[in-house]
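*Asks:* Next comes start_33.txt, compact mmCIF, C-alpha atoms:
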```txt
# COMPACT_ATOMS: atom_id res chain seq x y z
CA MET L 1 0.00 0.00 0.00
CA THR L 2 1.39 3.40 -0.89
CA ARG L 3 1.67 6.10 1.75
CA ASN L 4 -0.75 8.20 -0.28
CA LEU L 5 -3.41 5.51 0.06
CA LYS L 6 -2.69 5.03 3.78
CA VAL L 7 -2.99 8.73 4.52
CA THR L 8 -6.21 8.93 2.50
CA ILE L 9 -7.78 6.02 4.38
CA VAL L 10 -6.81 7.51 7.74
CA LEU L 11 -8.32 10.88 6.72
CA VAL L 12 -11.62 9.30 5.73
CA ALA L 13 -11.72 7.19 8.89
CA VAL L 14 -11.04 10.20 11.14
CA ALA L 15 -13.72 12.26 9.37
CA THR L 16 -16.28 9.46 9.69
CA VAL L 17 -15.61 9.08 13.40
CA ALA L 18 -15.78 12.87 13.88
CA VAL L 19 -19.20 13.08 12.20
CA ALA L 20 -20.51 10.13 14.20
CA VAL L 21 -19.30 11.65 17.48
CA LEU L 22 -20.80 15.05 16.62
CA LEU L 23 -24.15 13.48 15.78
CA VAL L 24 -24.25 11.55 19.05
CA VAL L 25 -23.10 14.50 21.15
CA SER L 26 -25.57 16.97 19.65
CA LYS L 27 -28.50 14.57 19.59
CA PRO L 28 -30.09 15.30 23.00
CA ASP L 29 -30.74 18.97 22.27
CA SER L 30 -31.33 18.70 18.55
CA ALA L 31 -35.08 18.20 18.70
CA PRO L 32 -37.60 18.79 21.44
CA PRO L 33 -38.45 15.52 23.15
CA THR L 34 -41.52 13.98 21.68
CA GLU L 35 -43.93 12.83 24.31
CA ALA L 36 -45.08 9.26 24.42
CA GLY L 37 -47.79 8.65 21.87
CA PRO L 38 -47.50 11.92 19.96
CA ARG L 39 -50.34 10.75 17.68
CA ASN L 40 -52.89 11.20 20.44
CA GLU L 41 -51.85 14.75 21.09
CA LEU L 42 -51.21 15.60 17.46
CA GLY L 43 -54.56 17.31 17.08
CA GLU L 44 -53.74 19.73 19.83
CA VAL L 45 -50.23 20.37 18.52
CA LEU L 46 -51.47 20.91 14.97
CA VAL L 47 -54.18 23.46 15.71
CA ARG L 48 -53.96 25.71 18.76
CA PRO L 49 -56.90 27.88 19.77
CA ASP L 50 -55.06 30.97 18.51
CA SER L 51 -53.83 29.41 15.22
CA HIS L 52 -54.60 31.39 12.11
CA ARG L 53 -57.61 30.06 10.22
CA LEU L 54 -57.94 31.38 6.69
CA SER L 55 -61.19 29.51 6.13
CA THR L 56 -63.54 28.03 8.67
CA ALA L 57 -66.07 25.26 8.17
CA PRO L 58 -68.96 25.59 10.62
CA ASP L 59 -69.26 21.80 10.87
CA GLY L 60 -65.55 21.40 11.66
CA LYS L 61 -65.49 18.15 9.75
CA VAL L 62 -62.42 18.73 7.58
CA THR L 63 -59.37 20.61 8.77
CA LEU L 64 -56.36 21.21 6.56
CA VAL L 65 -53.24 22.45 8.31
CA GLU L 66 -50.24 23.76 6.41
CA PHE L 67 -46.86 24.32 8.01
CA LEU L 68 -45.21 26.84 5.74
CA ASP L 69 -42.23 29.05 5.24
CA PHE L 70 -43.00 32.26 3.33
CA GLU L 71 -39.58 32.20 1.67
CA CYS L 72 -39.71 28.56 0.58
CA GLU L 73 -40.04 28.02 -3.14
CA ALA L 74 -42.24 24.96 -2.84
CA CYS L 75 -44.60 26.85 -0.50
CA GLY L 76 -44.79 29.65 -3.06
CA ALA L 77 -45.54 27.04 -5.70
CA ALA L 78 -48.27 25.49 -3.53
CA TYR L 79 -49.80 28.89 -2.73
CA PRO L 80 -51.95 29.26 -5.90
CA ALA L 81 -53.25 25.71 -5.46
CA VAL L 82 -54.15 26.38 -1.84
CA GLU L 83 -55.86 29.64 -2.81
CA GLN L 84 -57.86 27.78 -5.43
CA LEU L 85 -58.80 25.12 -2.90
CA ARG L 86 -59.85 27.79 -0.44
CA LYS L 87 -62.15 29.29 -3.06
CA GLU L 88 -63.65 25.96 -4.10
CA TYR L 89 -64.28 24.71 -0.58
CA ALA L 90 -65.15 27.99 1.13
CA GLY L 91 -67.24 27.24 4.19
CA ARG L 92 -66.71 23.50 3.85
CA ILE L 93 -63.15 23.13 5.11
CA THR L 94 -61.11 24.79 7.83
CA TYR L 95 -57.72 25.83 6.56
CA VAL L 96 -55.08 26.60 9.17
CA VAL L 97 -51.71 28.22 8.51
CA ARG L 98 -48.81 27.51 10.87
CA TYR L 99 -45.39 29.18 10.70
CA PHE L 100 -42.43 26.91 10.10
CA PRO L 101 -39.61 29.23 9.00
CA VAL L 102 -36.61 27.20 7.88
CA PRO L 103 -33.40 28.63 9.38
CA SER L 104 -31.46 28.53 6.12
CA HIS L 105 -33.81 31.04 4.54
CA PRO L 106 -32.46 34.41 5.60
CA ASN L 107 -35.78 36.27 5.75
CA ALA L 108 -38.20 33.43 6.51
CA GLU L 109 -38.34 34.13 10.23
CA LEU L 110 -38.75 37.86 9.66
CA ALA L 111 -41.53 37.16 7.14
CA ALA L 112 -43.33 34.97 9.67
CA ARG L 113 -43.01 37.82 12.19
CA ALA L 114 -44.39 40.23 9.57
CA ALA L 115 -47.41 37.97 9.10
CA GLN L 116 -47.86 37.79 12.87
CA ALA L 117 -47.45 41.56 13.25
CA ALA L 118 -50.18 42.01 10.63
CA ALA L 119 -52.29 39.46 12.49
CA GLU L 120 -52.07 41.69 15.56
CA GLN L 121 -54.04 44.20 13.44
CA ASP L 122 -56.40 41.50 12.12
CA SER L 123 -54.73 41.47 8.70
CA PHE L 124 -53.09 38.06 8.68
CA GLU L 125 -54.75 37.05 5.43
CA GLY L 126 -53.67 40.19 3.58
CA MET L 127 -50.07 39.83 4.68
CA TYR L 128 -50.09 36.10 3.96
CA MET L 129 -51.13 36.85 0.37
CA ALA L 130 -48.76 39.80 -0.03
CA LEU L 131 -45.78 37.75 1.19
CA PHE L 132 -46.39 34.91 -1.23
CA GLU L 133 -47.27 37.14 -4.16
CA GLY L 134 -44.14 39.21 -3.56
CA GLN L 135 -41.87 36.25 -2.79
CA ALA L 136 -39.71 36.83 -5.87
CA GLU L 137 -39.14 40.41 -4.75
CA TRP L 138 -37.83 39.69 -1.24
CA GLY L 139 -36.96 35.98 -1.18
CA HIS L 140 -33.39 34.69 -1.17
CA ARG L 141 -31.91 38.05 -0.23
CA GLU L 142 -29.18 38.01 2.35
CA SER L 143 -30.05 41.41 3.83
CA PRO L 144 -33.08 41.81 6.14
CA GLN L 145 -36.12 42.84 4.12
CA HIS L 146 -37.78 45.11 6.71
CA GLU L 147 -38.46 47.82 4.13
CA VAL L 148 -40.38 45.49 1.82
CA PHE L 149 -42.51 44.17 4.67
CA LEU L 150 -43.19 47.70 5.92
CA ARG L 151 -44.35 48.63 2.43
CA TYR L 152 -46.73 45.65 2.42
CA ALA L 153 -48.08 46.83 5.77
CA ARG L 154 -48.58 50.30 4.33
CA GLU L 155 -50.32 48.90 1.26
CA LEU L 156 -52.62 46.87 3.50
CA GLY L 157 -53.53 50.07 5.30
CA LEU L 158 -52.08 48.98 8.63
CA ASP L 159 -50.85 51.25 11.39
CA VAL L 160 -47.24 51.19 10.21
CA GLU L 161 -45.69 52.39 13.47
CA ARG L 162 -47.48 49.72 15.42
CA PHE L 163 -46.54 47.14 12.78
CA ARG L 164 -42.91 48.16 13.03
CA ALA L 165 -42.94 47.80 16.81
CA ASP L 166 -44.71 44.43 16.66
CA LEU L 167 -42.31 43.16 14.00
CA ASP L 168 -39.42 43.44 16.44
CA SER L 169 -41.32 42.61 19.62
CA ASP L 170 -40.45 39.61 21.76
CA ALA L 171 -44.07 38.50 21.90
CA VAL L 172 -44.31 38.15 18.12
CA ALA L 173 -40.95 36.38 17.88
CA GLU L 174 -42.03 34.05 20.67
CA ARG L 175 -45.28 33.25 18.87
CA VAL L 176 -43.36 32.26 15.73
CA ARG L 177 -41.01 30.11 17.82
CA ARG L 178 -43.95 28.34 19.47
CA GLU L 179 -45.48 27.49 16.12
CA GLN L 180 -42.15 26.17 14.90
CA ALA L 181 -41.84 24.01 18.01
CA ASP L 182 -45.34 22.63 17.35
CA GLY L 183 -44.21 21.75 13.85
CA MET L 184 -41.15 19.92 15.18
CA ALA L 185 -43.34 18.06 17.67
CA ALA L 186 -45.70 17.08 14.85
CA GLY L 187 -42.75 15.67 12.90
CA VAL L 188 -42.54 18.39 10.26
CA GLN L 189 -39.21 18.09 8.47
CA GLY L 190 -39.66 20.43 5.55
CA THR L 191 -42.06 22.89 4.07
CA PRO L 192 -44.78 22.84 3.01
CA THR L 193 -46.14 20.04 5.17
CA PHE L 194 -49.88 19.43 5.08
CA PHE L 195 -52.01 17.65 7.65
CA LEU L 196 -55.55 16.70 6.73
CA ASN L 197 -57.60 15.86 9.83
CA GLY L 198 -54.40 15.10 11.71
CA GLU L 199 -52.92 12.83 9.04
CA GLN L 200 -49.87 14.04 7.17
CA ILE L 201 -50.47 14.10 3.41
CA SER L 202 -48.02 14.78 0.59
CA PRO L 203 -50.04 16.21 -2.27
CA GLY L 204 -48.09 16.66 -5.49
CA SER L 205 -50.63 18.90 -7.17
CA LEU L 206 -53.90 20.76 -6.76
CA GLY L 207 -55.63 17.59 -7.98
CA ASP L 208 -54.07 15.55 -5.18
CA LEU L 209 -55.14 18.12 -2.59
CA ARG L 210 -58.64 18.25 -4.01
CA SER L 211 -59.12 14.49 -4.01
CA ALA L 212 -57.76 14.20 -0.46
CA VAL L 213 -60.21 16.88 0.67
CA GLU L 214 -63.06 15.28 -1.27
CA SER L 215 -62.53 11.89 0.34
CA ALA L 216 -62.31 13.48 3.80
CA LEU L 217 -65.58 15.33 3.14
CA ALA L 218 -67.24 12.14 1.92
CA ARG L 219 -66.18 10.16 4.98
CA MET F 1 32.68 25.69 -20.56
CA SER F 2 29.96 23.24 -21.39
CA ALA F 3 30.61 21.55 -18.05
CA THR F 4 28.71 24.32 -16.27
CA VAL F 5 25.55 23.75 -18.26
CA PRO F 6 24.06 20.90 -16.19
CA ASP F 7 24.27 23.05 -13.05
CA THR F 8 22.34 25.93 -14.55
CA VAL F 9 19.82 23.48 -15.98
CA SER F 10 19.13 21.97 -12.59
CA GLU F 11 18.64 25.49 -11.20
CA ARG F 12 15.97 26.24 -13.75
CA PRO F 13 12.33 25.49 -13.10
CA GLY F 14 11.38 22.12 -14.47
CA PRO F 15 9.31 18.99 -13.93
CA VAL F 16 8.85 18.24 -10.25
CA ALA F 17 8.44 14.49 -10.57
CA PRO F 18 9.23 13.15 -14.03
CA GLU F 19 9.12 9.56 -12.72
CA LEU F 20 5.47 10.00 -11.73
CA SER F 21 4.36 11.82 -14.84
CA THR F 22 3.46 8.60 -16.70
CA PHE F 23 1.24 7.46 -13.85
CA LEU F 24 -0.34 10.92 -13.57
CA ARG F 25 -0.90 11.04 -17.30
CA ARG F 26 -2.98 7.85 -17.16
CA ALA F 27 -4.78 8.97 -14.01
CA THR F 28 -5.59 12.30 -15.63
CA ALA F 29 -6.88 10.54 -18.74
CA TYR F 30 -9.35 8.48 -16.69
CA VAL F 31 -10.36 11.40 -14.45
CA LEU F 32 -11.05 13.66 -17.45
CA THR F 33 -13.01 10.95 -19.25
CA LEU F 34 -15.19 9.95 -16.31
CA GLY F 35 -15.43 13.44 -14.86
CA GLY F 36 -16.32 14.92 -18.24
CA VAL F 37 -19.10 12.39 -18.84
CA VAL F 38 -20.58 12.67 -15.34
CA GLY F 39 -20.30 16.46 -15.36
CA ALA F 40 -21.98 16.65 -18.77
CA LEU F 41 -24.86 14.44 -17.60
CA ALA F 42 -25.40 16.56 -14.49
CA ALA F 43 -25.28 19.79 -16.53
CA VAL F 44 -27.81 18.40 -19.02
CA ALA F 45 -30.12 17.29 -16.20
CA LEU F 46 -29.87 20.74 -14.66
CA LEU F 47 -30.62 22.44 -17.97
CA ILE F 48 -33.67 20.22 -18.52
CA GLU F 49 -34.98 21.11 -15.05
CA LYS F 50 -34.43 24.77 -15.87
CA ILE F 51 -36.37 24.46 -19.14
CA ASN F 52 -39.19 22.60 -17.40
CA SER F 53 -39.48 25.26 -14.74
CA LEU F 54 -39.50 27.98 -17.38
CA ALA F 55 -42.28 26.23 -19.27
CA ASP F 56 -44.39 25.75 -16.14
CA PRO F 57 -43.92 28.21 -13.26
CA ASP F 58 -45.54 25.74 -10.84
CA TYR F 59 -43.12 22.98 -11.82
CA VAL F 60 -41.32 21.50 -8.82
CA PRO F 61 -38.01 20.03 -10.01
CA VAL F 62 -37.41 16.36 -9.22
CA CYS F 63 -34.21 17.41 -7.47
CA SER F 64 -36.11 19.48 -4.89
CA ILE F 65 -36.13 16.88 -2.15
CA ASN F 66 -36.24 18.79 1.13
CA PRO F 67 -35.56 22.33 2.36
CA VAL F 68 -31.79 21.84 2.08
CA LEU F 69 -31.56 19.70 -1.04
CA SER F 70 -33.61 21.89 -3.33
CA CYS F 71 -32.54 22.85 -6.80
CA GLY F 72 -35.73 24.85 -7.36
CA SER F 73 -34.69 27.49 -4.87
CA VAL F 74 -31.11 27.48 -6.17
CA MET F 75 -32.04 27.66 -9.86
CA SER F 76 -34.24 30.71 -9.41
CA THR F 77 -31.48 32.87 -7.91
CA PRO F 78 -29.43 35.49 -9.78
CA GLN F 79 -26.30 33.42 -9.00
CA ALA F 80 -27.71 30.65 -11.21
CA GLU F 81 -27.19 32.99 -14.16
CA ALA F 82 -23.81 34.38 -13.23
CA PHE F 83 -22.99 35.46 -16.78
CA GLY F 84 -26.49 36.44 -17.83
CA PHE F 85 -27.51 32.97 -19.00
CA PRO F 86 -28.15 29.76 -17.05
CA ASN F 87 -24.88 28.33 -15.67
CA PRO F 88 -25.54 24.74 -16.84
CA ILE F 89 -25.06 25.92 -20.43
CA ILE F 90 -21.36 26.34 -19.58
CA GLY F 91 -21.24 22.75 -18.34
CA VAL F 92 -23.14 21.38 -21.31
CA VAL F 93 -20.59 23.00 -23.61
CA ALA F 94 -17.43 22.40 -21.59
CA PHE F 95 -17.77 18.94 -20.00
CA PRO F 96 -18.00 17.06 -23.31
CA VAL F 97 -14.75 18.76 -24.33
CA VAL F 98 -13.14 17.53 -21.10
CA ALA F 99 -14.41 13.99 -21.76
CA THR F 100 -13.08 14.13 -25.33
CA ILE F 101 -9.64 15.22 -24.14
CA GLY F 102 -9.71 12.34 -21.62
CA VAL F 103 -10.44 9.80 -24.34
CA LEU F 104 -7.75 11.38 -26.50
CA LEU F 105 -5.23 10.89 -23.67
CA LEU F 106 -6.29 7.27 -23.27
CA THR F 107 -5.13 6.65 -26.83
CA GLY F 108 -1.65 7.62 -25.65
CA VAL F 109 -1.32 10.59 -27.97
CA ARG F 110 1.28 13.24 -26.98
CA LEU F 111 -0.15 16.72 -26.74
CA PRO F 112 1.94 19.86 -26.88
CA ARG F 113 2.57 22.07 -23.86
CA TRP F 114 0.33 24.88 -25.10
CA PHE F 115 -2.57 22.42 -25.27
CA TRP F 116 -2.01 21.40 -21.66
CA LEU F 117 -1.77 25.02 -20.56
CA GLY F 118 -5.07 25.70 -22.32
CA LEU F 119 -6.67 22.84 -20.41
CA GLN F 120 -5.10 24.19 -17.23
CA ALA F 121 -6.68 27.60 -17.82
CA GLY F 122 -10.07 26.06 -18.52
CA THR F 123 -10.06 23.82 -15.46
CA LEU F 124 -8.81 26.68 -13.29
CA PHE F 125 -11.79 28.74 -14.37
CA GLY F 126 -14.07 25.76 -13.72
CA VAL F 127 -12.79 25.06 -10.24
CA GLY F 128 -12.83 28.74 -9.33
CA PHE F 129 -16.39 29.13 -10.54
CA VAL F 130 -17.48 26.03 -8.66
CA HIS F 131 -16.04 27.38 -5.39
CA TRP F 132 -17.77 30.71 -5.90
CA LEU F 133 -21.03 28.79 -6.44
CA PHE F 134 -20.31 26.71 -3.33
CA VAL F 135 -20.00 29.84 -1.17
CA GLN F 136 -23.09 31.40 -2.75
CA SER F 137 -25.13 28.25 -2.34
CA VAL F 138 -24.13 27.44 1.23
CA TYR F 139 -23.92 30.94 2.71
CA GLU F 140 -26.13 33.19 0.55
CA ILE F 141 -28.88 30.97 -0.81
CA GLY F 142 -28.93 28.44 1.98
CA ALA F 143 -29.80 25.42 -0.11
CA LEU F 144 -27.94 22.82 -2.11
CA CYS F 145 -28.90 21.50 -5.50
CA PRO F 146 -28.05 17.82 -5.99
CA TYR F 147 -27.02 18.13 -9.65
CA CYS F 148 -24.78 21.07 -8.77
CA LEU F 149 -23.13 18.91 -6.09
CA VAL F 150 -22.29 16.37 -8.79
CA VAL F 151 -20.71 19.10 -10.92
CA TRP F 152 -18.68 20.36 -7.96
CA ALA F 153 -17.58 16.84 -7.10
CA VAL F 154 -16.20 16.12 -10.58
CA MET F 155 -14.69 19.57 -11.08
CA LEU F 156 -12.27 19.07 -8.17
CA PRO F 157 -10.41 15.99 -9.52
CA ILE F 158 -10.53 17.33 -13.09
CA PHE F 159 -8.66 20.44 -11.98
CA TRP F 160 -6.47 18.61 -9.49
CA TYR F 161 -5.12 15.89 -11.77
CA THR F 162 -4.66 18.28 -14.69
CA THR F 163 -2.59 20.52 -12.42
CA LEU F 164 -0.55 17.67 -10.97
CA TYR F 165 0.25 16.26 -14.38
CA ASN F 166 1.27 19.70 -15.61
CA LEU F 167 3.52 20.07 -12.56
CA ALA F 168 5.00 16.60 -12.89
CA ALA F 169 5.61 16.95 -16.61
CA GLY F 170 7.05 20.42 -16.28
CA HIS F 171 4.35 22.16 -18.28
CA LEU F 172 3.77 24.34 -15.26
CA PRO F 173 7.22 25.51 -14.16
CA LEU F 174 7.85 25.73 -10.44
CA PRO F 175 10.77 27.71 -9.01
CA VAL F 176 13.41 25.54 -7.36
CA SER F 177 12.39 26.61 -3.87
CA LEU F 178 8.84 25.33 -4.42
CA ARG F 179 9.83 22.05 -6.07
CA PRO F 180 9.69 20.04 -2.79
CA VAL F 181 6.13 21.29 -2.26
CA GLY F 182 5.25 20.22 -5.78
CA ARG F 183 6.77 16.78 -5.24
CA TRP F 184 4.89 16.39 -1.99
CA LEU F 185 1.57 17.33 -3.63
CA VAL F 186 2.19 14.82 -6.42
CA ARG F 187 3.15 12.05 -4.01
CA TYR F 188 0.08 12.59 -1.81
CA HIS F 189 -2.31 13.35 -4.66
CA GLY F 190 -5.15 11.21 -3.26
CA ALA F 191 -4.79 12.44 0.30
CA VAL F 192 -4.80 16.09 -0.78
CA LEU F 193 -7.89 15.59 -2.93
CA THR F 194 -9.64 13.74 -0.10
CA SER F 195 -8.81 16.56 2.32
CA TRP F 196 -10.22 19.04 -0.15
CA TYR F 197 -13.49 17.08 -0.31
CA LEU F 198 -13.59 16.74 3.47
CA VAL F 199 -13.19 20.48 4.01
CA LEU F 200 -16.12 21.24 1.67
CA PHE F 201 -18.10 18.42 3.28
CA ALA F 202 -17.39 19.83 6.76
CA LEU F 203 -18.49 23.34 5.67
CA VAL F 204 -21.77 21.93 4.34
CA GLY F 205 -22.21 19.89 7.51
CA GLN F 206 -21.64 22.92 9.71
CA ALA F 207 -23.86 25.28 7.71
CA PHE F 208 -26.81 22.90 7.62
CA TRP F 209 -26.24 21.19 10.95
CA TRP F 210 -29.68 22.26 12.21
CA TYR F 211 -31.20 20.22 9.43
CA TRP F 212 -29.05 17.10 9.46
CA SER F 213 -29.43 16.72 13.23
CA SER F 214 -33.20 17.26 13.02
CA LEU F 215 -33.43 14.25 10.71
CA LEU F 216 -32.09 12.03 13.49
CA GLY F 217 -34.00 13.65 16.34
```
Mind turning this structure into structure tokens?

*Replies:*
Amino acid sequence: MTRNLKVTIVLVAVATVAVAVLLVVSKPDSAPPTEAGPRNELGEVLVRPDSHRLSTAPDGKVTLVEFLDFECEACGAAYPAVEQLRKEYAGRITYVVRYFPVPSHPNAELAARAAQAAAEQDSFEGMYMALFEGQAEWGHRESPQHEVFLRYARELGLDVERFRADLDSDAVAERVRREQADGMAAGVQGTPTFFLNGEQISPGSLGDLRSAVESALAR
Amino acid sequence: MSATVPDTVSERPGPVAPELSTFLRRATAYVLTLGGVVGALAAVALLIEKINSLADPDYVPVCSINPVLSCGSVMSTPQAEAFGFPNPIIGVVAFPVVATIGVLLLTGVRLPRWFWLGLQAGTLFGVGFVHWLFVQSVYEIGALCPYCLVVWAVMLPIFWYTTLYNLAAGHLPLPVSLRPVGRWLVRYHGAVLTSWYLVLFALVGQAFWWYWSSLLG
């Protein structure tokens, strides 16, 4: 065996051990502990009393929950389908939006706070739509996009000074963190993640979403 | 009078490891052939995904697997069109050339120094561009695109073995003081390349640690 090969093998072995050790060491605090039988409590984790409902069905028979990140491409791609679904099933399904900002998206957490700050002035829906419709304008920018979000607030006719204060308030940040923790507890690993009546579904298209909703309504 | 010539010759820059240049020539031939083919396939796949997403704005590329491995979010950034057109076009044009040169070398043909220096310039651009994309992807965009990873992975050995052969064969002159460094790099070619991969791997691991660890949690 040449020395080159020996050194290479040692390097790979050391790196493998290092990764394994790091994974083991960091494991305890990586994810919040999931309680025994998370399925039973999933309903509560998925929809809190104060969760944002964009549509409400009086009969409460079908509830669709989406964990989303306003900066995530796939969420932006799902947005028109969800809007369509909301229109088609108005009054027949409850649609709940939960924040799940992914840390690698530089403005995702700020966008979630913007939505929450708008919610404080009863304009969650307007901000939710503005964020997705303007995603190309503010998404994937390294610098904080406060100015864009303030403009959205202005366009929605919000009290901008109050919005600005809420955007940076601890209470709003805490709310976003709580929703994210709920997502982790529910086993959300990426965005968007949909739950239909407590069951995670992976729709690939509007058609998939529609048929899942249809079968839940028919049940 | 002519007796002094050998001394001055040995003081001049020259091949760092002529005895290894035959081995490196073969290694480079295989690396260029395989790397060129794999790189070309990845670039074509990336270009097809780009065309699909242009044709249908709602198209979710097959390589968008999770929040970290997502070529959709990478492809839509300005960095994906660094020169004003989609980056994979560069790969679609350049990787087949690399593969062709690799096959040419496998035939045992001797190529002139200027040809090798041209290849050196091309691979230097490629490896530089790939590292710029790495930094952009990991630290600015915050997502990785699987096909891009393949391109990065092949670009490293393509550049590395081209450089080593050029050093060993004397196409790239090294001053006498740096010759030992050159010899060392040639001798530990595999270990250096592996370290290079491991450093990039570690940077990706560190940047996306929140995600990798959440998968186990």

*Asks:* Residues of chain L near chain F: apply a cut-off of 7 Å, count all atoms listed in the file, and supply the list as a ChimeraX atom specification.

*Replies:* /L:4-5,7-8,23,27,30-31,73-74,77,104-105,140,142,190-191

*Asks:* The selected residues should be written to file as a PDB file, keeping the file's coordinate frame (atoms: C-alpha atoms).

*Replies:*
```pdb
ATOM      1  CA  ASN L   4      -0.750   8.200  -0.280  1.00  0.00           C
ATOM      2  CA  LEU L   5      -3.410   5.510   0.060  1.00  0.00           C
ATOM      3  CA  VAL L   7      -2.990   8.730   4.520  1.00  0.00           C
ATOM      4  CA  THR L   8      -6.210   8.930   2.500  1.00  0.00           C
ATOM      5  CA  LEU L  23     -24.150  13.480  15.780  1.00  0.00           C
ATOM      6  CA  LYS L  27     -28.500  14.570  19.590  1.00  0.00           C
ATOM      7  CA  SER L  30     -31.330  18.700  18.550  1.00  0.00           C
ATOM      8  CA  ALA L  31     -35.080  18.200  18.700  1.00  0.00           C
ATOM      9  CA  GLU L  73     -40.040  28.020  -3.140  1.00  0.00           C
ATOM     10  CA  ALA L  74     -42.240  24.960  -2.840  1.00  0.00           C
ATOM     11  CA  ALA L  77     -45.540  27.040  -5.700  1.00  0.00           C
ATOM     12  CA  SER L 104     -31.460  28.530   6.120  1.00  0.00           C
ATOM     13  CA  HIS L 105     -33.810  31.040   4.540  1.00  0.00           C
ATOM     14  CA  HIS L 140     -33.390  34.690  -1.170  1.00  0.00           C
ATOM     15  CA  GLU L 142     -29.180  38.010   2.350  1.00  0.00           C
ATOM     16  CA  GLY L 190     -39.660  20.430   5.550  1.00  0.00           C
ATOM     17  CA  THR L 191     -42.060  22.890   4.070  1.00  0.00           C
TER      18      THR L 191
END
```

*Asks:* Which residues, written as a list in words, have at least one atom at most 9 Å from Ala111 in chain L, with all atoms listed in the file counted and residues fewer than 3 positions away on the same chain left out?

*Replies:*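 My list of contacting residues is Asp69, Phe70, Glu71, Pro101, Asn107, Ala108, Ala114, Ala115, Gln116, Leu131, Gln145, His146 and Phe149 of chain L.
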
*Asks:* Do a neighbour search on Glu49 in chain F at 8 Å with all atoms listed in the file, toss out local chain neighbours closer than 3 positions, and write the hits as a list of chain:residue names.

*Replies:* F:Ala45, F:Leu46, F:Asn52, F:Ser53, F:Pro61, F:Val62

*Asks:* Please, what distance in Å, to one decimal, runs between CA of Gly170 in chain F and CA of Arg25 in chain F?

*Replies:*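 About the pair CA of Gly170 in chain F and CA of Arg25 in chain F: they are 12.3 Å apart.
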
*Asks:* Each side padded by 6 Å, which centre and which edge lengths in Å (one decimal) define the axis-aligned box around the listed atoms of range 181-186 of chain F? Give them as AutoDock Vina command-line options.

*Replies:*
```
--center_x 4.2 --center_y 18.1 --center_z -4.2 --size_x 17.2 --size_y 18.5 --size_z 16.4
```

*Asks:* Considering only C-alpha atoms, state which residue in the set L:Thr94, L:Gln84, L:Asn197, L:Ser205 is at the smallest distance from Ser55 in chain L.

*Replies:*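 Counting only C-alpha atoms, the residue closest to Ser55 in chain L is L:Thr94.
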